[in-house]
>>> print(open('query.cif').read())   # mmCIF, C-alpha atoms
data_query
loop_
_atom_site.label_atom_id
_atom_site.label_comp_id
_atom_site.auth_asym_id
_atom_site.auth_seq_id
_atom_site.Cartn_x
_atom_site.Cartn_y
_atom_site.Cartn_z
CA MET A 1230 -157.77 -32.73 -7.50
CA HIS A 1231 -157.07 -29.33 -6.06
CA ILE A 1232 -153.49 -28.42 -6.70
CA SER A 1233 -152.29 -26.08 -3.98
CA GLU A 1234 -150.78 -22.67 -4.30
CA GLY A 1235 -147.04 -22.50 -4.88
CA VAL A 1236 -146.66 -25.99 -6.30
CA LEU A 1237 -146.74 -25.28 -10.00
CA SER A 1238 -144.27 -23.27 -12.00
CA ALA A 1239 -145.26 -19.99 -13.64
CA PRO A 1240 -145.52 -21.25 -17.26
CA VAL A 1241 -147.93 -24.00 -16.23
CA LEU A 1242 -150.07 -21.51 -14.32
CA VAL A 1243 -150.13 -19.09 -17.25
CA VAL A 1244 -151.04 -21.77 -19.76
CA GLY A 1245 -153.77 -23.08 -17.46
CA ALA A 1246 -155.18 -19.59 -16.95
CA ALA A 1247 -155.12 -18.90 -20.69
CA ILE A 1248 -156.99 -22.11 -21.51
CA THR A 1249 -159.50 -21.38 -18.78
CA VAL A 1250 -160.16 -17.87 -20.08
CA ALA A 1251 -160.58 -19.17 -23.62
CA GLY A 1252 -162.83 -22.01 -22.50
CA CYS A 1253 -164.98 -19.68 -20.43
CA ALA A 1254 -165.29 -17.27 -23.33
CA VAL A 1255 -166.50 -20.03 -25.63
CA GLY A 1256 -168.72 -21.44 -22.91
CA LEU A 1257 -170.39 -18.12 -22.18
CA LYS A 1258 -170.78 -17.35 -25.85
CA LYS A 1259 -172.47 -20.66 -26.48
CA LEU A 1260 -174.58 -20.43 -23.38
CA ASP A 1261 -178.23 -19.71 -23.84
CA TYR A 1262 -179.70 -17.48 -21.17
CA ASP A 1263 -182.48 -19.97 -20.61
CA ARG A 1264 -179.95 -22.48 -19.41
CA ILE A 1265 -178.35 -20.30 -16.79
CA PRO A 1266 -180.30 -21.90 -13.92
CA GLU A 1267 -179.11 -25.30 -15.10
CA VAL A 1268 -175.52 -24.14 -15.15
CA ALA A 1269 -175.93 -22.66 -11.67
CA VAL A 1270 -177.45 -25.83 -10.27
CA LEU A 1271 -174.65 -27.97 -11.68
CA SER A 1272 -172.12 -25.46 -10.45
CA SER A 1273 -173.44 -25.80 -6.92
CA THR A 1274 -173.51 -29.56 -7.35
CA PHE A 1275 -169.83 -29.55 -8.16
CA PHE A 1276 -169.19 -27.15 -5.31
CA VAL A 1277 -170.80 -29.51 -2.80
CA ALA A 1278 -169.63 -32.77 -4.40
CA SER A 1279 -166.03 -32.04 -3.44
CA LEU A 1280 -167.09 -32.17 0.19
CA VAL A 1281 -168.39 -35.71 -0.14
CA HIS A 1282 -165.49 -37.81 1.00
CA VAL A 1283 -165.20 -41.39 -0.06
CA PRO A 1284 -163.36 -43.06 2.78
CA ILE A 1285 -160.81 -45.58 1.62
CA GLY A 1286 -158.71 -47.04 4.37
CA PRO A 1287 -156.84 -44.43 6.37
CA SER A 1288 -157.54 -41.57 4.01
CA SER A 1289 -160.25 -40.42 1.67
CA VAL A 1290 -160.85 -38.94 -1.75
CA HIS A 1291 -163.71 -36.80 -2.88
CA LEU A 1292 -166.19 -36.83 -5.71
CA LEU A 1293 -165.77 -34.68 -8.81
CA LEU A 1294 -168.87 -35.30 -10.92
CA ASN A 1295 -167.27 -33.66 -13.93
CA GLY A 1296 -168.65 -36.40 -16.17
CA VAL A 1297 -172.24 -35.42 -15.43
CA ILE A 1298 -171.44 -31.73 -15.67
CA GLY A 1299 -169.76 -32.16 -19.05
CA LEU A 1300 -172.57 -34.31 -20.37
CA LEU A 1301 -175.25 -31.82 -19.42
CA LEU A 1302 -173.45 -28.55 -20.06
CA GLY A 1303 -170.95 -29.07 -22.86
CA TRP A 1304 -168.82 -25.95 -23.20
CA ALA A 1305 -170.71 -24.24 -20.40
CA ALA A 1306 -168.88 -26.62 -18.04
CA PHE A 1307 -165.95 -24.18 -18.12
CA PRO A 1308 -167.64 -21.18 -16.46
CA SER A 1309 -169.64 -23.48 -14.23
CA ILE A 1310 -166.58 -25.24 -12.85
CA LEU A 1311 -164.57 -22.03 -12.64
CA VAL A 1312 -167.20 -20.44 -10.42
CA ALA A 1313 -167.38 -23.48 -8.16
CA LEU A 1314 -163.60 -23.77 -7.87
CA THR A 1315 -163.21 -20.07 -7.15
CA LEU A 1316 -165.69 -20.29 -4.29
CA GLN A 1317 -164.04 -23.44 -2.98
CA SER A 1318 -160.64 -21.83 -2.93
CA ILE A 1319 -161.95 -18.71 -1.21
CA LEU A 1320 -164.21 -20.39 1.33
CA PHE A 1321 -162.51 -23.71 2.00
CA GLN A 1322 -158.93 -23.00 0.92
CA PHE A 1323 -159.06 -25.94 -1.47
CA GLY A 1324 -156.41 -25.33 -4.07
CA GLY A 1325 -155.28 -21.76 -4.49
CA ILE A 1326 -156.25 -18.62 -6.34
CA THR A 1327 -153.16 -18.69 -8.55
CA ALA A 1328 -153.68 -22.36 -9.39
CA LEU A 1329 -157.31 -21.73 -10.30
CA GLY A 1330 -156.68 -21.78 -14.04
CA VAL A 1331 -154.85 -25.08 -13.99
CA ASN A 1332 -157.38 -26.68 -11.67
CA THR A 1333 -160.26 -25.55 -13.87
CA VAL A 1334 -158.57 -26.96 -16.96
CA ASN A 1335 -157.88 -30.24 -15.18
CA VAL A 1336 -161.55 -30.69 -14.40
CA ALA A 1337 -163.29 -28.95 -17.29
CA VAL A 1338 -161.32 -30.30 -20.25
CA PRO A 1339 -162.12 -33.95 -19.40
CA ALA A 1340 -165.74 -32.88 -18.95
CA LEU A 1341 -165.72 -31.41 -22.43
CA VAL A 1342 -163.99 -34.43 -23.95
CA CYS A 1343 -166.58 -36.69 -22.39
CA PHE A 1344 -169.34 -34.49 -23.69
CA TYR A 1345 -168.14 -34.92 -27.25
CA MET A 1346 -167.48 -38.61 -26.83
CA PHE A 1347 -170.70 -39.68 -25.17
CA ASN A 1348 -173.24 -37.01 -25.95
CA TYR A 1349 -174.86 -38.98 -28.76
CA ALA A 1350 -174.44 -42.43 -27.28
CA VAL A 1351 -176.15 -41.42 -24.06
CA ARG A 1352 -179.23 -40.25 -25.91
CA ARG A 1353 -179.70 -43.55 -27.71
CA GLU A 1354 -182.89 -45.53 -27.13
CA ASN A 1355 -181.06 -48.71 -26.29
CA ILE A 1356 -180.81 -48.71 -22.53
CA PHE A 1357 -177.57 -50.70 -22.43
CA ILE A 1358 -175.73 -48.45 -24.82
CA SER A 1359 -177.10 -45.40 -23.09
CA LEU A 1360 -176.28 -46.40 -19.53
CA GLY A 1361 -173.06 -48.10 -20.54
CA SER A 1362 -171.77 -44.95 -22.13
CA ALA A 1363 -172.99 -42.92 -19.15
CA PHE A 1364 -170.88 -45.13 -16.90
CA ALA A 1365 -167.93 -44.80 -19.24
CA CYS A 1366 -168.44 -41.03 -19.25
CA GLY A 1367 -168.26 -40.71 -15.47
CA PHE A 1368 -165.36 -43.13 -15.29
CA LEU A 1369 -163.34 -41.54 -18.06
CA ALA A 1370 -163.85 -38.00 -16.84
CA VAL A 1371 -162.17 -38.76 -13.51
CA PHE A 1372 -159.51 -40.83 -15.21
CA LEU A 1373 -158.60 -38.00 -17.59
CA THR A 1374 -158.58 -35.54 -14.70
CA SER A 1375 -156.10 -37.74 -12.85
CA ILE A 1376 -153.90 -37.90 -15.92
CA MET A 1377 -154.06 -34.15 -16.33
CA VAL A 1378 -153.08 -33.60 -12.71
CA GLY A 1379 -150.11 -35.83 -13.44
CA ILE A 1380 -149.23 -33.79 -16.52
CA SER A 1381 -149.41 -30.49 -14.65
CA LEU A 1382 -147.17 -31.85 -11.94
CA VAL A 1383 -144.54 -33.13 -14.37
CA PHE A 1384 -143.26 -29.62 -14.85
CA THR A 1385 -142.62 -29.25 -11.15
CA GLY A 1386 -140.11 -32.06 -11.12
CA GLU A 1387 -142.24 -34.97 -10.01
CA ALA A 1388 -141.82 -37.96 -12.30
CA PHE A 1389 -144.81 -38.27 -14.59
CA MET A 1390 -145.35 -42.01 -14.44
CA ALA A 1391 -145.01 -42.20 -10.67
CA VAL A 1392 -147.35 -39.31 -9.97
CA SER A 1393 -149.91 -40.29 -12.56
CA LYS A 1394 -149.94 -43.82 -11.31
CA LEU A 1395 -150.47 -42.65 -7.77
CA VAL A 1396 -153.26 -40.27 -8.72
CA VAL A 1397 -155.00 -42.77 -10.97
CA VAL A 1398 -154.76 -45.57 -8.43
CA ALA A 1399 -156.00 -43.31 -5.65
CA HIS A 1400 -158.98 -42.24 -7.68
CA PHE A 1401 -159.90 -45.63 -9.02
CA PRO A 1402 -162.76 -46.08 -6.53
CA VAL A 1403 -163.97 -42.59 -7.37
CA MET A 1404 -164.01 -43.48 -11.07
CA ILE A 1405 -166.23 -46.48 -10.38
CA ILE A 1406 -168.52 -44.52 -8.07
CA GLU A 1407 -168.83 -41.66 -10.52
CA GLY A 1408 -169.49 -44.04 -13.37
CA ILE A 1409 -172.37 -45.56 -11.42
CA MET A 1410 -173.65 -42.14 -10.37
CA THR A 1411 -173.52 -40.85 -13.93
CA ALA A 1412 -175.46 -43.88 -15.12
CA PHE A 1413 -178.10 -43.27 -12.44
CA CYS A 1414 -178.31 -39.61 -13.37
CA VAL A 1415 -178.80 -40.41 -17.04
CA ALA A 1416 -181.39 -43.09 -16.30
CA PHE A 1417 -183.26 -40.67 -14.07
CA LEU A 1418 -183.12 -37.78 -16.50
CA LYS A 1419 -184.23 -39.96 -19.37
CA LYS A 1420 -187.35 -40.84 -17.45
CA VAL A 1421 -188.11 -37.47 -15.94
CA LYS A 1422 -186.71 -34.83 -18.23
CA PRO A 1423 -185.32 -36.33 -21.43
CA GLU A 1424 -184.98 -32.98 -23.16
CA ILE A 1425 -182.25 -31.90 -20.75
CA LEU A 1426 -179.86 -34.46 -22.21
CA GLY A 1427 -180.27 -33.17 -25.71
CA VAL A 1428 -180.38 -29.53 -24.80
CA ALA A 1429 -176.65 -29.07 -24.45
CA HIS A 1430 -176.27 -29.86 -28.09
CA ALA A 1431 -179.27 -28.02 -29.41
CA PRO A 1432 -178.62 -24.98 -31.56
CA ILE A 1433 -178.24 -22.17 -29.10
CA LYS A 1434 -178.69 -18.40 -29.26
CA THR A 1435 -182.35 -17.92 -29.84
CA THR A 1436 -182.35 -14.17 -29.46
CA MET B 222 -191.02 -65.10 -8.99
CA ARG B 223 -190.66 -61.37 -8.84
CA ARG B 224 -189.43 -61.54 -5.32
CA LEU B 225 -186.82 -64.09 -6.30
CA LYS B 226 -185.63 -61.86 -9.06
CA LEU B 227 -185.45 -58.94 -6.66
CA ARG B 228 -183.49 -60.96 -4.19
CA LYS B 229 -181.08 -62.04 -6.89
CA LYS B 230 -180.64 -58.43 -7.82
CA HIS B 231 -179.96 -57.50 -4.23
CA ALA B 232 -177.40 -60.24 -3.90
CA MET B 233 -175.66 -59.04 -7.00
CA VAL B 234 -175.61 -55.44 -5.81
CA THR B 235 -174.19 -56.53 -2.46
CA LYS B 236 -171.53 -58.56 -4.23
CA VAL B 237 -170.58 -55.61 -6.37
CA ILE B 238 -170.38 -53.31 -3.36
CA VAL B 239 -168.24 -55.77 -1.41
CA PHE B 240 -165.96 -56.16 -4.39
CA PHE B 241 -165.41 -52.44 -4.68
CA LEU B 242 -164.90 -52.03 -0.97
CA LEU B 243 -162.23 -54.69 -1.00
CA MET B 244 -160.59 -53.13 -3.98
CA ALA B 245 -160.76 -49.73 -2.37
CA GLN B 246 -159.03 -51.07 0.69
CA HIS B 247 -156.33 -52.55 -1.46
CA MET B 248 -155.89 -49.22 -3.21
CA ALA B 249 -155.76 -47.40 0.06
CA THR B 250 -152.98 -49.52 1.43
CA SER B 251 -150.88 -48.96 -1.64
CA ALA B 252 -151.29 -45.18 -1.54
CA PRO B 253 -151.64 -44.11 2.06
CA CYS B 254 -150.95 -40.41 1.81
CA ALA B 255 -151.93 -37.45 -0.28
CA LEU B 256 -155.45 -38.27 -1.33
CA ALA B 257 -157.75 -35.69 0.18
CA HIS B 258 -157.90 -32.27 -1.34
CA ASN B 259 -156.48 -30.04 1.27
CA VAL B 260 -153.39 -30.47 3.35
CA PHE B 261 -152.51 -28.26 6.28
CA LEU B 262 -149.51 -27.72 8.44
CA THR B 263 -149.13 -26.53 11.98
CA ALA B 264 -145.90 -25.68 13.73
CA TYR B 265 -145.17 -24.77 17.32
CA VAL B 266 -142.10 -24.26 19.42
CA GLU B 267 -141.41 -26.23 22.54
CA GLY B 268 -138.17 -25.73 24.39
CA ASP B 269 -135.42 -25.56 21.84
CA THR B 270 -137.27 -27.65 19.27
CA VAL B 271 -139.78 -26.77 16.60
CA PHE B 272 -142.52 -29.34 16.06
CA VAL B 273 -144.29 -29.56 12.73
CA GLU B 274 -147.53 -31.46 12.25
CA GLY B 275 -149.06 -32.29 8.88
CA GLY B 276 -152.59 -33.45 8.29
CA PHE B 277 -155.41 -33.47 5.80
CA SER B 278 -158.59 -31.47 5.94
CA ASP B 279 -160.61 -34.58 6.73
CA GLY B 280 -158.63 -35.17 9.90
CA THR B 281 -156.22 -37.86 8.73
CA LEU B 282 -152.54 -37.51 9.45
CA CYS B 283 -150.01 -36.91 6.78
CA GLU B 284 -147.33 -39.55 7.03
CA ASN B 285 -144.09 -39.59 5.18
CA ALA B 286 -144.48 -36.18 3.65
CA LYS B 287 -141.51 -34.07 2.76
CA ILE B 288 -140.79 -31.10 4.99
CA GLU B 289 -138.43 -28.33 4.03
CA VAL B 290 -137.34 -25.38 6.14
CA PHE B 291 -136.27 -22.10 4.57
CA ASP B 292 -134.87 -18.88 5.98
CA PRO B 293 -136.45 -15.54 4.99
CA SER B 294 -134.23 -15.18 1.93
CA GLY B 295 -135.41 -18.50 0.54
CA HIS B 296 -132.26 -20.44 1.38
CA LYS B 297 -133.01 -24.03 2.33
CA LEU B 298 -131.80 -24.79 5.84
CA LEU B 299 -132.85 -28.37 6.31
CA GLU B 300 -135.34 -30.99 5.17
CA GLY B 301 -136.91 -34.16 6.47
CA LYS B 302 -139.95 -36.35 6.46
CA THR B 303 -142.90 -36.65 8.81
CA ASP B 304 -143.17 -39.82 10.87
CA GLU B 305 -146.22 -42.08 11.14
CA ASN B 306 -147.94 -39.54 13.40
CA GLY B 307 -147.47 -36.80 10.86
CA VAL B 308 -144.91 -35.07 13.07
CA PHE B 309 -141.51 -33.72 12.21
CA SER B 310 -139.28 -31.92 14.69
CA PHE B 311 -136.06 -30.00 14.28
CA LYS B 312 -133.80 -27.70 16.25
CA PRO B 313 -133.83 -24.26 14.69
CA PRO B 314 -130.38 -23.55 13.30
CA GLN B 315 -130.77 -19.78 13.51
CA LYS B 316 -133.04 -17.23 15.11
CA THR B 317 -134.86 -15.79 12.13
CA ASP B 318 -138.31 -16.31 10.69
CA LEU B 319 -138.43 -19.89 9.49
CA LYS B 320 -140.67 -20.88 6.62
CA VAL B 321 -141.74 -24.49 6.92
CA VAL B 322 -143.05 -26.07 3.73
CA LEU B 323 -144.92 -29.34 3.63
CA ASN B 324 -145.14 -31.16 0.33
CA ALA B 325 -147.36 -34.24 0.34
CA GLY B 326 -147.02 -34.82 -3.38
CA MET B 327 -149.78 -34.78 -5.97
CA GLY B 328 -150.03 -31.03 -5.75
CA HIS B 329 -150.69 -30.90 -2.02
CA ARG B 330 -148.60 -28.31 -0.32
CA ASP B 331 -148.85 -25.97 2.62
CA GLU B 332 -146.50 -23.62 4.35
CA TYR B 333 -146.27 -21.96 7.72
CA THR B 334 -143.89 -19.34 8.97
CA VAL B 335 -142.56 -19.64 12.47
CA PRO B 336 -141.87 -16.07 13.59
CA ALA B 337 -138.44 -15.32 15.00
CA GLU B 338 -139.75 -14.16 18.37
CA GLU B 339 -141.29 -17.57 19.03
CA LEU B 340 -137.98 -19.32 18.60
CA PRO B 341 -135.87 -20.09 21.65
CA ASP B 342 -133.17 -17.65 22.58
CA MET B 343 -130.21 -18.85 20.58
CA THR B 344 -127.79 -16.40 22.15
CA GLY B 345 -128.43 -17.85 25.60
CA MET B 346 -127.93 -21.36 24.35
CA GLN B 347 -124.77 -20.45 22.54
CA LYS B 348 -123.40 -18.74 25.60
CA ALA B 349 -124.08 -21.79 27.70
CA GLU B 350 -122.41 -23.95 25.12
CA ALA B 351 -119.45 -21.65 24.97
CA GLU B 352 -119.12 -21.78 28.74
CA VAL B 353 -119.12 -25.55 28.73
CA MET B 354 -116.58 -25.62 25.95
CA SER B 355 -114.21 -23.22 27.59
CA ALA B 356 -114.72 -24.48 31.14
CA PRO B 357 -112.01 -27.13 31.35
CA GLY B 358 -109.23 -25.01 29.92
CA THR B 359 -109.65 -21.61 31.55
CA GLU B 360 -108.79 -20.75 35.11
CA THR B 361 -110.98 -17.68 35.39
CA LEU B 362 -114.23 -19.57 35.14
CA LYS B 363 -113.49 -21.93 38.01
CA PRO B 364 -114.20 -19.64 40.92
CA ARG B 365 -117.39 -18.58 39.21
CA ALA B 366 -118.54 -22.17 39.01
CA SER B 367 -118.11 -22.67 42.76
CA ASP B 368 -119.93 -19.42 43.30
CA ALA B 369 -122.87 -20.76 41.31
CA ALA B 370 -123.09 -23.72 43.64
CA ALA B 371 -123.43 -21.40 46.62
CA ARG B 372 -126.02 -19.02 45.25
CA ILE B 373 -128.53 -19.80 42.56
CA ASP B 374 -127.91 -18.08 39.32
CA PRO B 375 -130.94 -15.96 38.25
CA GLU B 376 -130.35 -17.04 34.69
CA GLU B 377 -130.64 -20.63 35.70
CA ILE B 378 -133.90 -19.99 37.52
CA GLU B 379 -135.20 -18.29 34.46
CA SER B 380 -134.36 -21.21 32.25
CA ILE B 381 -135.96 -23.69 34.66
CA VAL B 382 -139.14 -21.64 34.92
CA ASP B 383 -139.15 -21.32 31.17
CA ARG B 384 -138.93 -25.02 30.70
CA VAL B 385 -141.69 -25.81 33.18
CA ILE B 386 -144.03 -23.23 31.73
CA GLN B 387 -143.45 -24.52 28.26
CA LYS B 388 -144.19 -28.03 29.39
CA ARG B 389 -147.43 -26.95 31.04
CA LEU B 390 -148.45 -24.88 28.08
CA ARG B 391 -147.83 -27.58 25.55
CA PRO B 392 -151.44 -28.73 25.07
CA LEU B 393 -152.53 -25.14 24.82
CA THR B 394 -149.89 -24.27 22.23
CA GLN B 395 -150.89 -27.25 20.18
CA LEU B 396 -154.52 -26.27 20.37
CA VAL B 397 -153.84 -22.71 19.31
CA ALA B 398 -151.57 -23.82 16.48
CA LYS B 399 -154.24 -26.17 15.24
CA SER B 400 -157.09 -23.72 15.48
CA GLN B 401 -155.06 -21.14 13.60
CA ARG B 402 -155.11 -23.32 10.56
CA LYS B 403 -158.38 -24.07 8.88
CA THR B 404 -158.93 -27.77 9.01
CA GLY B 405 -162.56 -28.28 8.24
CA VAL B 406 -165.53 -27.02 6.40
CA SER B 407 -168.44 -25.46 8.20
CA PRO B 408 -172.05 -25.61 7.02
CA THR B 409 -172.14 -21.83 6.96
CA GLU B 410 -169.54 -21.81 4.22
CA ILE B 411 -171.27 -24.53 2.23
CA PHE B 412 -174.58 -22.73 2.22
CA GLY B 413 -172.79 -19.46 1.69
CA GLY B 414 -171.12 -20.87 -1.41
CA ILE B 415 -174.39 -22.15 -2.81
CA GLY B 416 -175.84 -18.74 -2.08
CA TYR B 417 -173.06 -17.08 -4.06
CA ILE B 418 -173.74 -19.31 -7.04
CA LEU B 419 -177.44 -18.55 -6.91
CA GLY B 420 -176.60 -14.88 -6.62
CA LEU B 421 -174.45 -15.07 -9.73
CA MET B 422 -177.31 -16.79 -11.47
CA GLY B 423 -179.57 -13.95 -10.39
CA ILE B 424 -177.18 -11.37 -11.85
CA ALA B 425 -177.00 -13.28 -15.13
CA MET B 426 -180.78 -13.52 -15.25
CA TYR B 427 -181.06 -9.81 -14.56
CA PHE B 428 -178.94 -9.06 -17.60
CA ARG B 429 -181.04 -11.41 -19.62
CA TYR B 430 -184.22 -9.56 -18.77
CA ARG B 431 -182.64 -6.19 -19.30
CA LYS B 432 -181.56 -7.34 -22.72
CA GLY B 433 -184.99 -8.78 -23.32
CA GLY B 434 -186.55 -5.44 -22.43
CA LYS B 435 -184.43 -3.66 -25.00
CA VAL B 436 -185.22 -5.99 -27.85
#
>>> encode(input="query.cif", output="structure tokens")
Amino acid sequence: MHISEGVLSAPVLVVGAAITVAGCAVGLKKLDYDRIPEVAVLSSTFFVASLVHVPIGPSSVHLLLNGVIGLLLGWAAFPSILVALTLQSILFQFGGITALGVNTVNVAVPALVCFYMFNYAVRRENIFISLGSAFACGFLAVFLTSIMVGISLVFTGEAFMAVSKLVVVAHFPVMIIEGIMTAFCVAFLKKVKPEILGVAHAPIKTT
Amino acid sequence: MRRLKLRKKHAMVTKVIVFFLLMAQHMATSAPCALAHNVFLTAYVEGDTVFVEGGFSDGTLCENAKIEVFDPSGHKLLEGKTDENGVFSFKPPQKTDLKVVLNAGMGHRDEYTVPAEELPDMTGMQKAEAEVMSAPGTETLKPRASDAAARIDPEEIESIVDRVIQKRLRPLTQLVAKSQRKTGVSPTEIFGGIGYILGLMGIAMYFRYRKGGKV
């Protein structure tokens, strides 16, 4: 999911950076100071999750967890993911500094979409609806990210259908795994700290 | 009763896991390359050939990836694909810095510049070629050739020594080329990164309390 430096053309990079800046601005504006530790914890989760390789055959893919992050953070997913990706590109050379904007958009926008799609469903009492939508959330977030990687690569000359198909197929196991993990997370949080699921949507700015 | 239920559950979980593993394997065979997040490229010179090796950060080899070679002005000199060992080799067409670019698709790309001084001496090779080419036709070279049989040409010794040294040094060159490129992730960096995030959180909290103090 980390597009390397020098792959994308300038317009794509600029658009990605612009969306990232806008998303971060909204995210920070909406962010309540009390939730900063939560954002930081999820940011480090994302930072480490990329190191968890899922071995499939001769190669491997890594986890993204953007479904969980979106579900818990909403708009704050933007700054959270940007921080994690920046550190990854500096420390591990995953992706590149110039591609940071596009990479953030590719991960954070699906997170946001999933937040709006599943935020209410996940909080429902009915355990099947709740966990089912949590699974769908984790699954869809990775799926949308794969599609968005395909879209960003279209402008570099790679054929959209071919690339997207390859990315989606490669990440299919990850989608399943993340769906299951998201469902577990939601089940756990519902038991232990149910307010955290609602908090992302609560009216913010108390000061 | 409860135990039976539990066992049933276990069986189901196992089935699900097996199913996904099988599917994963199927997926893997259909898309063998370009999955991990970081691709790297190493290049080293041996004799008159430049060897390029592509791999992923998790240690797998990068098969069938596109390799392009550019000169310093960005003009494409040649291109090719890595074999099943992730290796591509070419004879440098000119003695300048060569920029080797590996493109594994899906946004995975890396580049490495082979500096001009590492490349074999093209002038020497061209001279030798020229000699061979002109040898049959020209009279003047003939006595020199018989001379060379009598006493050993210092240039020839040099080239032999060169070749032997390069052969001996090969594992070392490979090692150095590999270690130059970052291929893995160390725990220090992981904890360092988490530390950075916590530090940022601390800064944000600091501003919060400063603001709180004002209000």
>>> residues_around(input="query.cif", residues="region 1355-1372 of chain A", least_positions_apart="4", cutoff="7 Å", atoms="all atoms listed in the file", output="JSON list (two decimals) with C-alpha atoms, keeping the file's coordinate frame")
[["chain", "number", "residue", "atom", "x", "y", "z"],
["A", 1295, "ASN", "CA", -167.27, -33.66, -13.93],
["A", 1296, "GLY", "CA", -168.65, -36.40, -16.17],
["A", 1297, "VAL", "CA", -172.24, -35.42, -15.43],
["A", 1339, "PRO", "CA", -162.12, -33.95, -19.40],
["A", 1340, "ALA", "CA", -165.74, -32.88, -18.95],
["A", 1343, "CYS", "CA", -166.58, -36.69, -22.39],
["A", 1347, "PHE", "CA", -170.70, -39.68, -25.17],
["A", 1350, "ALA", "CA", -174.44, -42.43, -27.28],
["A", 1351, "VAL", "CA", -176.15, -41.42, -24.06],
["A", 1376, "ILE", "CA", -153.90, -37.90, -15.92],
["A", 1397, "VAL", "CA", -155.00, -42.77, -10.97],
["A", 1404, "MET", "CA", -164.01, -43.48, -11.07],
["A", 1405, "ILE", "CA", -166.23, -46.48, -10.38],
["A", 1407, "GLU", "CA", -168.83, -41.66, -10.52],
["A", 1408, "GLY", "CA", -169.49, -44.04, -13.37],
["A", 1409, "ILE", "CA", -172.37, -45.56, -11.42],
["A", 1411, "THR", "CA", -173.52, -40.85, -13.93],
["A", 1412, "ALA", "CA", -175.46, -43.88, -15.12],
["A", 1415, "VAL", "CA", -178.80, -40.41, -17.04],
["A", 1416, "ALA", "CA", -181.39, -43.09, -16.30]]
>>> interface_residues(input="query.cif", of="chain A", to="chain B", cutoff="9 Å", atoms="only C-alpha atoms", output="compact mmCIF listing (two decimals) with C-alpha atoms, in the frame of the given file")
# COMPACT_ATOMS: atom_id res chain seq x y z
CA MET A 1230 -157.77 -32.73 -7.50
CA HIS A 1231 -157.07 -29.33 -6.06
CA ILE A 1232 -153.49 -28.42 -6.70
CA SER A 1233 -152.29 -26.08 -3.98
CA GLU A 1234 -150.78 -22.67 -4.30
CA GLY A 1235 -147.04 -22.50 -4.88
CA VAL A 1236 -146.66 -25.99 -6.30
CA LEU A 1237 -146.74 -25.28 -10.00
CA TYR A 1262 -179.70 -17.48 -21.17
CA ASP A 1263 -182.48 -19.97 -20.61
CA ILE A 1265 -178.35 -20.30 -16.79
CA PRO A 1266 -180.30 -21.90 -13.92
CA VAL A 1268 -175.52 -24.14 -15.15
CA ALA A 1269 -175.93 -22.66 -11.67
CA VAL A 1270 -177.45 -25.83 -10.27
CA SER A 1272 -172.12 -25.46 -10.45
CA SER A 1273 -173.44 -25.80 -6.92
CA THR A 1274 -173.51 -29.56 -7.35
CA PHE A 1276 -169.19 -27.15 -5.31
CA VAL A 1277 -170.80 -29.51 -2.80
CA SER A 1279 -166.03 -32.04 -3.44
CA LEU A 1280 -167.09 -32.17 0.19
CA HIS A 1282 -165.49 -37.81 1.00
CA PRO A 1284 -163.36 -43.06 2.78
CA ILE A 1285 -160.81 -45.58 1.62
CA GLY A 1286 -158.71 -47.04 4.37
CA PRO A 1287 -156.84 -44.43 6.37
CA SER A 1288 -157.54 -41.57 4.01
CA SER A 1289 -160.25 -40.42 1.67
CA VAL A 1290 -160.85 -38.94 -1.75
CA HIS A 1291 -163.71 -36.80 -2.88
CA VAL A 1312 -167.20 -20.44 -10.42
CA ALA A 1313 -167.38 -23.48 -8.16
CA LEU A 1316 -165.69 -20.29 -4.29
CA GLN A 1317 -164.04 -23.44 -2.98
CA LEU A 1320 -164.21 -20.39 1.33
CA PHE A 1321 -162.51 -23.71 2.00
CA GLN A 1322 -158.93 -23.00 0.92
CA PHE A 1323 -159.06 -25.94 -1.47
CA GLY A 1324 -156.41 -25.33 -4.07
CA VAL A 1378 -153.08 -33.60 -12.71
CA GLY A 1379 -150.11 -35.83 -13.44
CA SER A 1381 -149.41 -30.49 -14.65
CA LEU A 1382 -147.17 -31.85 -11.94
CA GLU A 1387 -142.24 -34.97 -10.01
CA VAL A 1392 -147.35 -39.31 -9.97
CA SER A 1393 -149.91 -40.29 -12.56
CA LEU A 1395 -150.47 -42.65 -7.77
CA VAL A 1396 -153.26 -40.27 -8.72
CA VAL A 1398 -154.76 -45.57 -8.43
CA ALA A 1399 -156.00 -43.31 -5.65
CA HIS A 1400 -158.98 -42.24 -7.68
CA PHE A 1401 -159.90 -45.63 -9.02
CA PRO A 1402 -162.76 -46.08 -6.53
CA ILE A 1405 -166.23 -46.48 -10.38
CA THR A 1436 -182.35 -14.17 -29.46
>>> atom_distance(input="query.cif", atom1="CA of Gly275 (chain B)", atom2="CA of Leu323 (chain B)")
7.3 Å
>>> closest_residue(input="query.cif", among="A:Gly1303, A:Gly1330, A:Cys1414, A:Leu1293", to="Leu1373 (chain A)", atoms="all atoms listed in the file")
A:Leu1293
>>> atom_distance(input="query.cif", atom1="CA of Val397 (chain B)", atom2="CA of Leu299 (chain B)")
25.3 Å
>>> closest_residue(input="query.cif", among="B:Arg431, B:Lys320, B:Lys297, B:Lys388", to="Leu262 (chain B)", atoms="only C-alpha atoms")
B:Lys320
>>> atom_distance(input="query.cif", atom1="CA of Val385 (chain B)", atom2="CA of Gly268 (chain B)")
9.5 Å
>>> resolve_selection(input="query.cif", expression="the PyMOL selection byres ((chain A and resi 1250) around 10)", output="PyMOL selection string")
chain A and resi 1244-1249+1251-1256+1307-1308+1311+1330+1333-1334
